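A short worksheet on the structure shown next.
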Amino acid sequence: MTRDLALALLQVLVVAGGAPLLVGGVRTLKARLVGRRGPRLLQPYADLAKLLRKEAVVSTTTSWIFRITPYVLMSTMVVAALIVPLFLARPVLDFAGLVLLMYLFVFGTFFLALAGLDAGSAFGGMGSSREVAVAALAEPTIVVAILALALRAESTNLGAIVERFAREPQLAANPGHLLAFAALFLVMLAETGRLPVDNPATHLELTMIHEAMVLEYSGHYLALVEWASAMKLFLFMALLANLFFPWGMPGSSELGSLAIGLVILIAKLTVLTVGLAVLETVVAKLRLFRVPEMLAGSFALALLSVLSVFLLK
Amino acid sequence: MAALVYTVTAIAGIAAGVVGIGGVFGATFTVHIARIVPLGGLELAMDPLAGLFLALVGLTTAATSLYAIGYAGAARGAYAYLAFVTALGLVPLAANAMTFLLAWEIMSLASWVLVLDRRDDADVQRAAWVYAVMTHAGLACLLAGMLLLAAHTGSLRFADWRAAAPALAPAIRNAVWVLLALGFASKAGVVPLHVWLPLAHPAAPSHVSALMSGAMIKLGIYGLLRVGLEWAGPGPTWWGGTLLMLGVVSALVGILSALVDTDLKRLLAFSSIENVGVILIGVGSALLFVRAGTEALAAIALVAALYHTVNHAAFKALLFLGAGAVAHATGTRNMDAHGGLIKRLPWTAACFLVGAVSISALPPFNGFVSEWLTFQALLQSVRVAEPGVSLLFAIGTAGLALTAGLTAACFVKAFGITFLALPRSDAAAHAHEATATMRWAMAGLAAACVALGLGATVVVPAVTRVAASMLGAAVAPLHGTTLTFSVGADFASLSPLLIAAALGAGLVAPRVFLVVAGSPRRARLGETWGCGRILQTARMQYTAGAFADPFKRVFRFFYRPVKRREVVAHPDSRFFVRRIEYANPARALFEEWLYHPVLRGLVGITHRVQALQSGNAAAYLGYILAALLILLVVR
């Protein structure tokens, strides 16, 4: 029991501790790809530390919703970090599956969107309205991709899916599997506010989504919100890596195999990070009202993946 | 006097709830009084399904009655309310057709009287008129279907129908199912028979809207379950397939309409259509699974549908009561005249938030558990071999997912625009909190939402008993503190209590971290940042219409928006604009495209038929003669 709790805590620590590094990695790589030197790899940690020391300014228009939202957001990410398989095929708290994970992300978006409305500025409302629109349109893709995975693995429990694919790699060596991966990758871009859906590096465009919504946050509130966003990116990437390429995930929780699992996780995430940075460098931001077309495309991919299960049976 | 009636109904509601829960756990009784009702007498019988719906009706009534005691809008109509709740309780207990139809009609008439609350308002009159027509068209279908069944089974008792159903000819069963399903679907508000619902729900006083939405439309679901699984027996694949597709269409049409509406109560009414759709997805899946011979899967789908029925009663009643408190405090249901109410009505706001979070299916609240079960039932379609049926399930899965996302967006709007930011009108700025009994009623329903979510491991076995009583198959989706499906190896598991504990720990952990990290956690009050402008006014913030704009663009093919813009320029120069009028009205597409053509056709036919009615007595005698002759020849 204590061992299980310790492992669960370790999962949260890895996600919380690794998330800023991941964000820093993407930023540095993107800078290098366009010929800039870019910030240090560890700059996001310094940013968080700075924000934590600063005094927050809270609008008089806001209510308790605004103040509680950063904590709610962080809470959903902590729970998500408990259930996503990171370095163990079967996470310790195996009480929930992909459907819960999807709703946890909706939970965070729900409160963040309320907080965006709470300050009563046009920017916040605009960001909220756009964020919930993108999130709502991403939902069908997520669930249909889950269906595609569940059809092959015969389970929606995250641990069971990973174990099944690790045991029978021929299940994963399948074009339908790659289609589902592509669908979920596109959704990740939309859900975590990356290019070409949203530009994480700007406050200056009228097309911004996420940054508009959190515009009123400052100080430790902003630190929590930014940190939670980074954790969401980390979780999505880890999920993609381990669901679709589950090789090398240790089944036992011995100290040695944990270390191996951690190294393999880092390797997988590095590959995905490079992929994300390259993608963000070569694509331009989509016009806001073209985003639904992209999400419809990802939905079509997920649906094809489901159909291929029946065709290739 | 009114207060006495409401006190009595509140107590009776709790009693009915207790009796109903007893029924769920296997208590049965029958009542038979021969002479009160013609054709078989008053006949009541308790079984698990009746118990579940009686408990639902009773407990919802208890909350709405408590609310009504302190609600100024409930001063009139107490006797109609009494008749309404009595009929609501009798419908699930009825054991023969006459008792059922009488209770059903009293329920419809009493709610019609309650809808006509502000009877000098033209909109209310129209709402009541549409409601009366729709509910009686539905009653006609029910009557025809039940008479057909009675003619072929030789009995008006439901128990006899159940026994005789498997032996009936398929054509008769199909005809009965279509007629009864039409009647029940019109009461449940299934698209395209939903047009009365967004008119009637907002027109009624809020405690009645809550009861209509929470309890009355659920009796349509009750009827669909009875006819689909018992009265007309298990049917062909197209019954379940039709219900599943109608469910998807209702869910999407309902939530898309809710998303762009600015009338808080009409938004909730549209959302009821959406939730009935979600319930129907479960019911349709259950019928499909029964057809495929997988009773264990059917039980999961049925548990999901029944659980969502109960949950919807809890959170939709709560939201309607909250909307009533808001409308009463501000004098308007228009969300664009609300805003900032969280400061003036903190209790109502907190309760409404619980309702909004529950209906958006956020874990670990009750809506999440039942939507999770519905998703699992759909994902289980892995185990049904037929590709055509699998495709239906895939469509159902995707439709439900889109609905879930849009619901969250819709209730961000409903709560955010109504309760947050600056008040958009004087009335909203000076709104007052609800009275004590209103607050208690809302708090009770909010507690029910939380309890139904956290207590899923207690509720699911109870609901499973109901499902098992209908399907004859027992499944035990339970394992300690976790809901687990034993179907297949380990398909899915969920523990609402653990999720709640983890979320709670997750709330505390960042706080602890901030303290440990030495963050000052100081907050200075300031103004909202506004690009350098001096004064912040409510006109700068987003409105309900603006919030829904991205959806209006994305779903253009559904909304078919029309824009009217009228610019009046100065006569000397068109560059000096005197007045601009802009309107972007929501269109009632189903009325425009389905009902108006049908009604026009009907009116045309009646004009033709009018030629027969010449006013000449000799001609009428001639008709009688002709009819007699035809009858003789046909014989």
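Here, A, B, ... name the chains of the structure tokens in the order displayed, residue numbers run from 1 inside each chain, and ligands are numbered from 1 in the same displayed order.
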Applying 12 Å and only C-alpha atoms, which residues near B:Ala517 remain after dropping the ones on its own chain fewer than 4 positions away? List them as a ChimeraX atom specification. /A:48-53,220 /B:509-513,521
The selected residues should be written to file as an mmCIF file, in the first residue's frame (atoms: C-alpha atoms).
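Writing done, so here's out33.cif:
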data_model
loop_
_atom_site.group_PDB
_atom_site.id
_atom_site.type_symbol
_atom_site.label_atom_id
_atom_site.label_comp_id
_atom_site.auth_asym_id
_atom_site.auth_seq_id
_atom_site.Cartn_x
_atom_site.Cartn_y
_atom_site.Cartn_z
ATOM 1 C CA LEU A 48 7.645 29.682 -12.713
ATOM 2 C CA ALA A 49 9.923 30.597 -9.807
ATOM 3 C CA LYS A 50 9.618 34.269 -10.722
ATOM 4 C CA LEU A 51 5.835 34.139 -10.935
ATOM 5 C CA LEU A 52 5.617 32.337 -7.604
ATOM 6 C CA ARG A 53 7.511 35.157 -5.896
ATOM 7 C CA HIS A 220 1.090 32.503 -8.240
ATOM 8 C CA ALA B 509 -1.445 19.742 -3.018
ATOM 9 C CA PRO B 510 -0.769 22.976 -4.974
ATOM 10 C CA ARG B 511 -1.681 24.993 -1.894
ATOM 11 C CA VAL B 512 0.794 23.036 0.187
ATOM 12 C CA PHE B 513 3.382 23.430 -2.548
ATOM 13 C CA ARG B 521 0.307 34.300 -2.181
#
Nearby residues (only C-alpha atoms) at most 9 Å from B:Met216, same-chain spacing under 6 positions excluded, as number ranges by chain: B: 57, 88, 107-108, 187-188
Next, dump the selected residues to file, keeping only N, CA and C atoms, as a JSON list (two decimals), in the first residue's frame.
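The result, written out as result.json:
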[["chain", "number", "residue", "atom", "x", "y", "z"],
["B", 57, "VAL", "N", -40.32, 10.42, -9.32],
["B", 57, "VAL", "CA", -41.39, 11.43, -9.30],
["B", 57, "VAL", "C", -41.54, 11.98, -7.87],
["B", 88, "LEU", "N", -48.89, 12.17, -11.78],
["B", 88, "LEU", "CA", -47.50, 11.76, -12.05],
["B", 88, "LEU", "C", -47.16, 10.48, -11.30],
["B", 107, "MET", "N", -52.56, 14.09, -15.94],
["B", 107, "MET", "CA", -51.22, 14.68, -15.89],
["B", 107, "MET", "C", -51.06, 15.74, -16.97],
["B", 108, "SER", "N", -51.51, 15.42, -18.18],
["B", 108, "SER", "CA", -51.36, 16.37, -19.28],
["B", 108, "SER", "C", -52.21, 17.61, -19.08],
["B", 187, "LYS", "N", -44.33, 12.79, -25.71],
["B", 187, "LYS", "CA", -44.29, 13.27, -24.33],
["B", 187, "LYS", "C", -42.86, 13.45, -23.85],
["B", 188, "ALA", "N", -41.96, 12.56, -24.31],
["B", 188, "ALA", "CA", -40.58, 12.66, -23.87],
["B", 188, "ALA", "C", -39.84, 13.82, -24.54]]
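With only C-alpha atoms as the atoms that count, the minimum distance from A:Leu222 to the choices B:Ala523, B:Ile33, B:Leu594, B:Ala251 is reached by B:Ala523.
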Extract the full set of alpha helix (DSSP H) residues from stretch 101-347 of chain B according to DSSP on the backbone, and format it as an MDAnalysis selection string. chainID B and resid 101:115 122:153 158:164 170:188 197:203 206:211 217:226 237:260 264:291 295:330 341:344 346:347
A:Ala259, A:Val14, A:Val291, A:Ala284: which is nearest chain B, counting only C-alpha atoms? A:Val291
List the neighbours of A:Pro200 out to 12 Å using only C-alpha atoms; skip same-chain residues closer than 2 positions along the sequence, and give me the result as a ChimeraX atom specification. /A:23,26-27,189-198,202-205,207-212,214,226,229-230,233,280,285
Taking 2 positions as the minimum chain separation for residues in the same chain, which residues sit within 9 Å of B:Trp372 when counting only C-alpha atoms? Answer as an mmCIF file with N, CA and C atoms, in the first residue's frame.
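Contents of the output file out_21.cif:
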data_model
loop_
_atom_site.group_PDB
_atom_site.id
_atom_site.type_symbol
_atom_site.label_atom_id
_atom_site.label_comp_id
_atom_site.auth_asym_id
_atom_site.auth_seq_id
_atom_site.Cartn_x
_atom_site.Cartn_y
_atom_site.Cartn_z
ATOM 1 N N VAL A 99 -11.925 7.253 -20.874
ATOM 2 C CA VAL A 99 -13.096 8.127 -20.846
ATOM 3 C C VAL A 99 -12.969 9.121 -19.695
ATOM 4 N N LEU A 100 -12.486 8.638 -18.543
ATOM 5 C CA LEU A 100 -12.293 9.541 -17.409
ATOM 6 C C LEU A 100 -11.271 10.617 -17.761
ATOM 7 N N ALA B 304 -27.400 2.225 -17.706
ATOM 8 C CA ALA B 304 -26.944 3.563 -18.080
ATOM 9 C C ALA B 304 -28.132 4.477 -18.341
ATOM 10 N N ALA B 361 -21.336 16.561 -17.018
ATOM 11 C CA ALA B 361 -20.726 15.243 -16.814
ATOM 12 C C ALA B 361 -19.280 15.344 -16.364
ATOM 13 N N GLY B 367 -23.816 13.160 -13.334
ATOM 14 C CA GLY B 367 -23.919 13.077 -14.788
ATOM 15 C C GLY B 367 -22.754 12.311 -15.389
ATOM 16 N N PHE B 368 -21.595 12.463 -14.786
ATOM 17 C CA PHE B 368 -20.417 11.771 -15.301
ATOM 18 C C PHE B 368 -20.611 10.260 -15.226
ATOM 19 N N VAL B 369 -21.109 9.766 -14.087
ATOM 20 C CA VAL B 369 -21.215 8.316 -13.923
ATOM 21 C C VAL B 369 -22.149 7.739 -14.976
ATOM 22 N N SER B 370 -23.304 8.395 -15.194
ATOM 23 C CA SER B 370 -24.231 7.797 -16.156
ATOM 24 C C SER B 370 -23.749 7.965 -17.589
ATOM 25 N N THR B 374 -22.995 5.013 -20.241
ATOM 26 C CA THR B 374 -23.517 5.002 -21.606
ATOM 27 C C THR B 374 -22.388 4.790 -22.604
ATOM 28 N N PHE B 375 -21.273 5.495 -22.385
ATOM 29 C CA PHE B 375 -20.118 5.304 -23.266
ATOM 30 C C PHE B 375 -19.646 3.859 -23.236
ATOM 31 N N GLN B 376 -19.567 3.294 -22.033
ATOM 32 C CA GLN B 376 -19.083 1.917 -21.933
ATOM 33 C C GLN B 376 -20.026 0.976 -22.676
ATOM 34 N N ALA B 377 -21.351 1.206 -22.526
ATOM 35 C CA ALA B 377 -22.308 0.354 -23.225
ATOM 36 C C ALA B 377 -22.070 0.440 -24.733
ATOM 37 N N LEU B 494 -14.297 1.923 -12.778
ATOM 38 C CA LEU B 494 -14.412 3.321 -12.374
ATOM 39 C C LEU B 494 -14.686 3.377 -10.891
#
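A straight line drawn from atom CA of B:Gly615 to atom CA of B:Leu629 is 22.2 Å long.
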Which residue is closest to chain A? Choose from B:Ala404, B:Ala68, B:Val113, B:Val577 and count only C-alpha atoms. B:Ala404
Neighbouring residues of A:Leu255 were defined as those with any atom within 12 Å, considering only C-alpha atoms; residues of the same chain fewer than 6 positions away were excluded. Please report them as a PyMOL selection string. chain A and resi 3+7+87-88+261-262
Counting only C-alpha atoms, the residue of A:Phe123, A:Tyr71, A:Tyr103, A:Phe244 that sits nearest A:Leu215: A:Phe123
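Here atom CA of A:Gly275 is placed at a distance of 13.3 Å from atom CA of A:Thr28.
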Determine, counting only C-alpha atoms, which protein, DNA and RNA residues have an atom within 7 Å of an atom of stretch 265-273 of chain B; residues of the same chain fewer than 6 positions away are not included. Present the result as a short mmCIF file (atom, residue, chain, number, x, y, z; two decimals) with N, CA and C atoms, in the first residue's frame.
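Once everything was written out, this is part.cif:
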data_model
loop_
_atom_site.label_atom_id
_atom_site.label_comp_id
_atom_site.auth_asym_id
_atom_site.auth_seq_id
_atom_site.Cartn_x
_atom_site.Cartn_y
_atom_site.Cartn_z
N GLY B 189 -40.40 14.33 -25.63
CA GLY B 189 -39.74 15.45 -26.30
C GLY B 189 -38.67 14.99 -27.27
N VAL B 190 -38.88 13.84 -27.91
CA VAL B 190 -37.91 13.34 -28.88
C VAL B 190 -38.07 14.11 -30.19
N LEU B 197 -41.99 21.48 -26.25
CA LEU B 197 -41.21 21.52 -25.02
C LEU B 197 -40.53 22.87 -24.77
N PRO B 198 -39.81 23.42 -25.78
CA PRO B 198 -39.18 24.73 -25.53
C PRO B 198 -40.19 25.87 -25.41
N HIS B 201 -42.14 24.65 -21.34
CA HIS B 201 -41.32 24.68 -20.12
C HIS B 201 -41.04 26.09 -19.62
N PRO B 202 -40.62 27.03 -20.50
CA PRO B 202 -40.37 28.38 -19.98
C PRO B 202 -41.64 29.10 -19.55
N SER B 213 -39.89 18.87 -16.51
CA SER B 213 -38.65 18.42 -17.14
C SER B 213 -38.03 17.26 -16.39
N SER B 250 -31.82 13.70 -31.39
CA SER B 250 -32.38 14.54 -30.32
C SER B 250 -31.27 15.19 -29.52
N ALA B 251 -30.25 14.40 -29.19
CA ALA B 251 -29.17 14.94 -28.36
C ALA B 251 -28.50 16.10 -29.08
N GLY B 254 -31.00 19.09 -29.70
CA GLY B 254 -31.30 19.73 -28.42
C GLY B 254 -30.16 20.62 -27.97
N ILE B 255 -28.94 20.09 -27.99
CA ILE B 255 -27.85 20.87 -27.41
C ILE B 255 -27.44 22.00 -28.34
N SER B 257 -29.49 23.69 -30.20
CA SER B 257 -30.47 24.76 -30.00
C SER B 257 -30.24 25.46 -28.67
N ALA B 258 -29.88 24.68 -27.64
CA ALA B 258 -29.64 25.28 -26.33
C ALA B 258 -28.46 26.25 -26.39
N PHE B 320 -33.60 24.22 -13.14
CA PHE B 320 -34.83 24.99 -13.35
C PHE B 320 -35.19 25.81 -12.11
N ALA B 323 -32.87 28.68 -12.12
CA ALA B 323 -33.29 29.65 -13.14
C ALA B 323 -34.51 30.43 -12.65
N ARG B 333 -35.88 36.47 -17.95
CA ARG B 333 -35.18 35.21 -18.21
C ARG B 333 -34.08 35.42 -19.24
#
So that I can see what lies close to A:Ile161, please list as a PDB file with N, CA and C atoms, in the first residue's frame the residues with an atom at most 12 Å from it, counting only C-alpha atoms and leaving out residues fewer than 5 positions away in the same chain.
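The result, written out as selection.pdb:
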ATOM      1  N   VAL A  84      -2.378   8.061 -16.012  1.00  0.00           N
ATOM      2  CA  VAL A  84      -1.738   7.823 -17.315  1.00  0.00           C
ATOM      3  C   VAL A  84      -0.530   6.911 -17.120  1.00  0.00           C
ATOM      4  N   PRO A  85      -0.388   5.864 -17.952  1.00  0.00           N
ATOM      5  CA  PRO A  85       0.799   5.010 -17.836  1.00  0.00           C
ATOM      6  C   PRO A  85       2.030   5.802 -18.273  1.00  0.00           C
ATOM      7  N   ALA A  89       3.734  -0.199 -17.125  1.00  0.00           N
ATOM      8  CA  ALA A  89       2.664  -0.549 -18.050  1.00  0.00           C
ATOM      9  C   ALA A  89       1.312  -0.354 -17.377  1.00  0.00           C
ATOM     10  N   ARG A  90       1.251  -0.716 -16.113  1.00  0.00           N
ATOM     11  CA  ARG A  90      -0.020  -0.629 -15.413  1.00  0.00           C
ATOM     12  C   ARG A  90       0.132   0.366 -14.276  1.00  0.00           C
ATOM     13  N   PRO A  91      -0.416   1.577 -14.382  1.00  0.00           N
ATOM     14  CA  PRO A  91      -0.283   2.521 -13.270  1.00  0.00           C
ATOM     15  C   PRO A  91      -0.945   1.970 -12.018  1.00  0.00           C
ATOM     16  N   ASP A  94      -5.368   2.062 -10.823  1.00  0.00           N
ATOM     17  CA  ASP A  94      -5.917   1.609 -12.097  1.00  0.00           C
ATOM     18  C   ASP A  94      -7.435   1.652 -12.060  1.00  0.00           C
ATOM     19  N   GLY A  97     -10.357   4.812 -16.877  1.00  0.00           N
ATOM     20  CA  GLY A  97      -9.822   4.617 -18.213  1.00  0.00           C
ATOM     21  C   GLY A  97      -9.742   5.891 -18.998  1.00  0.00           C
ATOM     22  N   LEU A  98      -9.703   5.709 -20.303  1.00  0.00           N
ATOM     23  CA  LEU A  98      -9.562   6.824 -21.222  1.00  0.00           C
ATOM     24  C   LEU A  98     -10.725   7.797 -21.137  1.00  0.00           C
ATOM     25  N   ILE A 146     -10.555   6.417 -29.126  1.00  0.00           N
ATOM     26  CA  ILE A 146     -10.636   5.468 -27.999  1.00  0.00           C
ATOM     27  C   ILE A 146     -11.329   4.196 -28.454  1.00  0.00           C
ATOM     28  N   LEU A 147     -12.420   4.383 -29.216  1.00  0.00           N
ATOM     29  CA  LEU A 147     -13.164   3.214 -29.697  1.00  0.00           C
ATOM     30  C   LEU A 147     -12.255   2.342 -30.559  1.00  0.00           C
ATOM     31  N   ALA A 148     -11.450   2.988 -31.420  1.00  0.00           N
ATOM     32  CA  ALA A 148     -10.550   2.220 -32.284  1.00  0.00           C
ATOM     33  C   ALA A 148      -9.562   1.419 -31.443  1.00  0.00           C
ATOM     34  N   LEU A 149      -9.023   2.067 -30.396  1.00  0.00           N
ATOM     35  CA  LEU A 149      -8.080   1.360 -29.522  1.00  0.00           C
ATOM     36  C   LEU A 149      -8.788   0.247 -28.764  1.00  0.00           C
ATOM     37  N   ALA A 150      -9.991   0.565 -28.262  1.00  0.00           N
ATOM     38  CA  ALA A 150     -10.718  -0.417 -27.460  1.00  0.00           C
ATOM     39  C   ALA A 150     -11.092  -1.624 -28.308  1.00  0.00           C
ATOM     40  N   LEU A 151     -11.388  -1.380 -29.585  1.00  0.00           N
ATOM     41  CA  LEU A 151     -11.737  -2.489 -30.464  1.00  0.00           C
ATOM     42  C   LEU A 151     -10.574  -3.464 -30.592  1.00  0.00           C
ATOM     43  N   ARG A 152      -9.344  -2.911 -30.679  1.00  0.00           N
ATOM     44  CA  ARG A 152      -8.189  -3.790 -30.849  1.00  0.00           C
ATOM     45  C   ARG A 152      -7.769  -4.405 -29.527  1.00  0.00           C
ATOM     46  N   ALA A 153      -7.787  -3.611 -28.461  1.00  0.00           N
ATOM     47  CA  ALA A 153      -7.274  -4.106 -27.179  1.00  0.00           C
ATOM     48  C   ALA A 153      -8.362  -4.730 -26.321  1.00  0.00           C
ATOM     49  N   GLU A 154      -9.627  -4.556 -26.716  1.00  0.00           N
ATOM     50  CA  GLU A 154     -10.766  -5.080 -25.975  1.00  0.00           C
ATOM     51  C   GLU A 154     -10.801  -4.580 -24.547  1.00  0.00           C
ATOM     52  N   SER A 155     -10.481  -3.312 -24.361  1.00  0.00           N
ATOM     53  CA  SER A 155     -10.572  -2.695 -23.045  1.00  0.00           C
ATOM     54  C   SER A 155     -10.478  -1.194 -23.217  1.00  0.00           C
ATOM     55  N   THR A 156     -11.054  -0.418 -22.273  1.00  0.00           N
ATOM     56  CA  THR A 156     -10.802   1.016 -22.289  1.00  0.00           C
ATOM     57  C   THR A 156      -9.948   1.426 -21.107  1.00  0.00           C
ATOM     58  N   ALA A 166       1.731  -4.201 -25.650  1.00  0.00           N
ATOM     59  CA  ALA A 166       3.116  -4.573 -25.376  1.00  0.00           C
ATOM     60  C   ALA A 166       3.295  -6.081 -25.543  1.00  0.00           C
ATOM     61  N   ARG A 167       2.249  -6.828 -25.164  1.00  0.00           N
ATOM     62  CA  ARG A 167       2.325  -8.283 -25.234  1.00  0.00           C
ATOM     63  C   ARG A 167       2.215  -8.756 -26.688  1.00  0.00           C
ATOM     64  N   GLU A 168       1.315  -8.106 -27.437  1.00  0.00           N
ATOM     65  CA  GLU A 168       1.096  -8.551 -28.816  1.00  0.00           C
ATOM     66  C   GLU A 168       1.393  -7.405 -29.781  1.00  0.00           C
ATOM     67  N   PRO A 169       2.675  -7.199 -30.086  1.00  0.00           N
ATOM     68  CA  PRO A 169       3.039  -6.043 -30.926  1.00  0.00           C
ATOM     69  C   PRO A 169       2.400  -6.107 -32.304  1.00  0.00           C
ATOM     70  N   LEU A 171      -0.553  -6.461 -33.003  1.00  0.00           N
ATOM     71  CA  LEU A 171      -1.788  -5.666 -32.965  1.00  0.00           C
ATOM     72  C   LEU A 171      -1.502  -4.214 -33.320  1.00  0.00           C
ATOM     73  N   ALA A 172      -0.338  -3.743 -32.868  1.00  0.00           N
ATOM     74  CA  ALA A 172      -0.012  -2.334 -33.084  1.00  0.00           C
ATOM     75  C   ALA A 172       0.577  -2.098 -34.472  1.00  0.00           C
ATOM     76  N   LEU A 239       0.940   9.996 -23.218  1.00  0.00           N
ATOM     77  CA  LEU A 239      -0.169   9.113 -23.586  1.00  0.00           C
ATOM     78  C   LEU A 239       0.007   8.604 -25.013  1.00  0.00           C
ATOM     79  N   ASN A 242       2.949   6.118 -25.148  1.00  0.00           N
ATOM     80  CA  ASN A 242       2.787   4.810 -24.518  1.00  0.00           C
ATOM     81  C   ASN A 242       1.604   4.018 -25.057  1.00  0.00           C
ATOM     82  N   LEU A 243       0.566   4.702 -25.533  1.00  0.00           N
ATOM     83  CA  LEU A 243      -0.570   3.967 -26.087  1.00  0.00           C
ATOM     84  C   LEU A 243      -0.227   3.365 -27.434  1.00  0.00           C
ATOM     85  N   PHE A 244       0.515   4.123 -28.227  1.00  0.00           N
ATOM     86  CA  PHE A 244       0.728   3.667 -29.593  1.00  0.00           C
ATOM     87  C   PHE A 244       2.063   2.972 -29.783  1.00  0.00           C
ATOM     88  N   PHE A 245       3.035   3.286 -28.924  1.00  0.00           N
ATOM     89  CA  PHE A 245       4.345   2.619 -29.013  1.00  0.00           C
ATOM     90  C   PHE A 245       4.703   2.094 -27.631  1.00  0.00           C
ATOM     91  N   PRO A 246       3.997   1.076 -27.168  1.00  0.00           N
ATOM     92  CA  PRO A 246       4.146   0.679 -25.754  1.00  0.00           C
ATOM     93  C   PRO A 246       5.387  -0.168 -25.494  1.00  0.00           C
TER      94      PRO A 246
ATOM     95  N   ALA B 489     -12.579  -9.664 -20.333  1.00  0.00           N
ATOM     96  CA  ALA B 489     -11.504  -9.795 -19.355  1.00  0.00           C
ATOM     97  C   ALA B 489     -11.551  -8.670 -18.327  1.00  0.00           C
ATOM     98  N   ASP B 490     -11.019  -7.494 -18.669  1.00  0.00           N
ATOM     99  CA  ASP B 490     -11.291  -6.337 -17.814  1.00  0.00           C
ATOM    100  C   ASP B 490     -11.535  -5.164 -18.737  1.00  0.00           C
ATOM    101  N   PHE B 491     -12.786  -4.936 -19.052  1.00  0.00           N
ATOM    102  CA  PHE B 491     -13.087  -3.935 -20.058  1.00  0.00           C
ATOM    103  C   PHE B 491     -12.954  -2.534 -19.471  1.00  0.00           C
ATOM    104  N   ALA B 492     -13.560  -2.312 -18.332  1.00  0.00           N
ATOM    105  CA  ALA B 492     -13.527  -0.960 -17.793  1.00  0.00           C
ATOM    106  C   ALA B 492     -13.838  -0.979 -16.316  1.00  0.00           C
TER     107      ALA B 492
END
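Minimum atom-to-atom distances from A:Gly159, A:Pro292, A:Pro250, A:Gly176 to chain B were compared using only C-alpha atoms, and the lowest value belongs to A:Pro292.
Each of A:Ala135, A:Met294, A:Val274, A:Val306 was checked against A:Leu33 using only C-alpha atoms; the smallest atom-to-atom distance is that of A:Val274.
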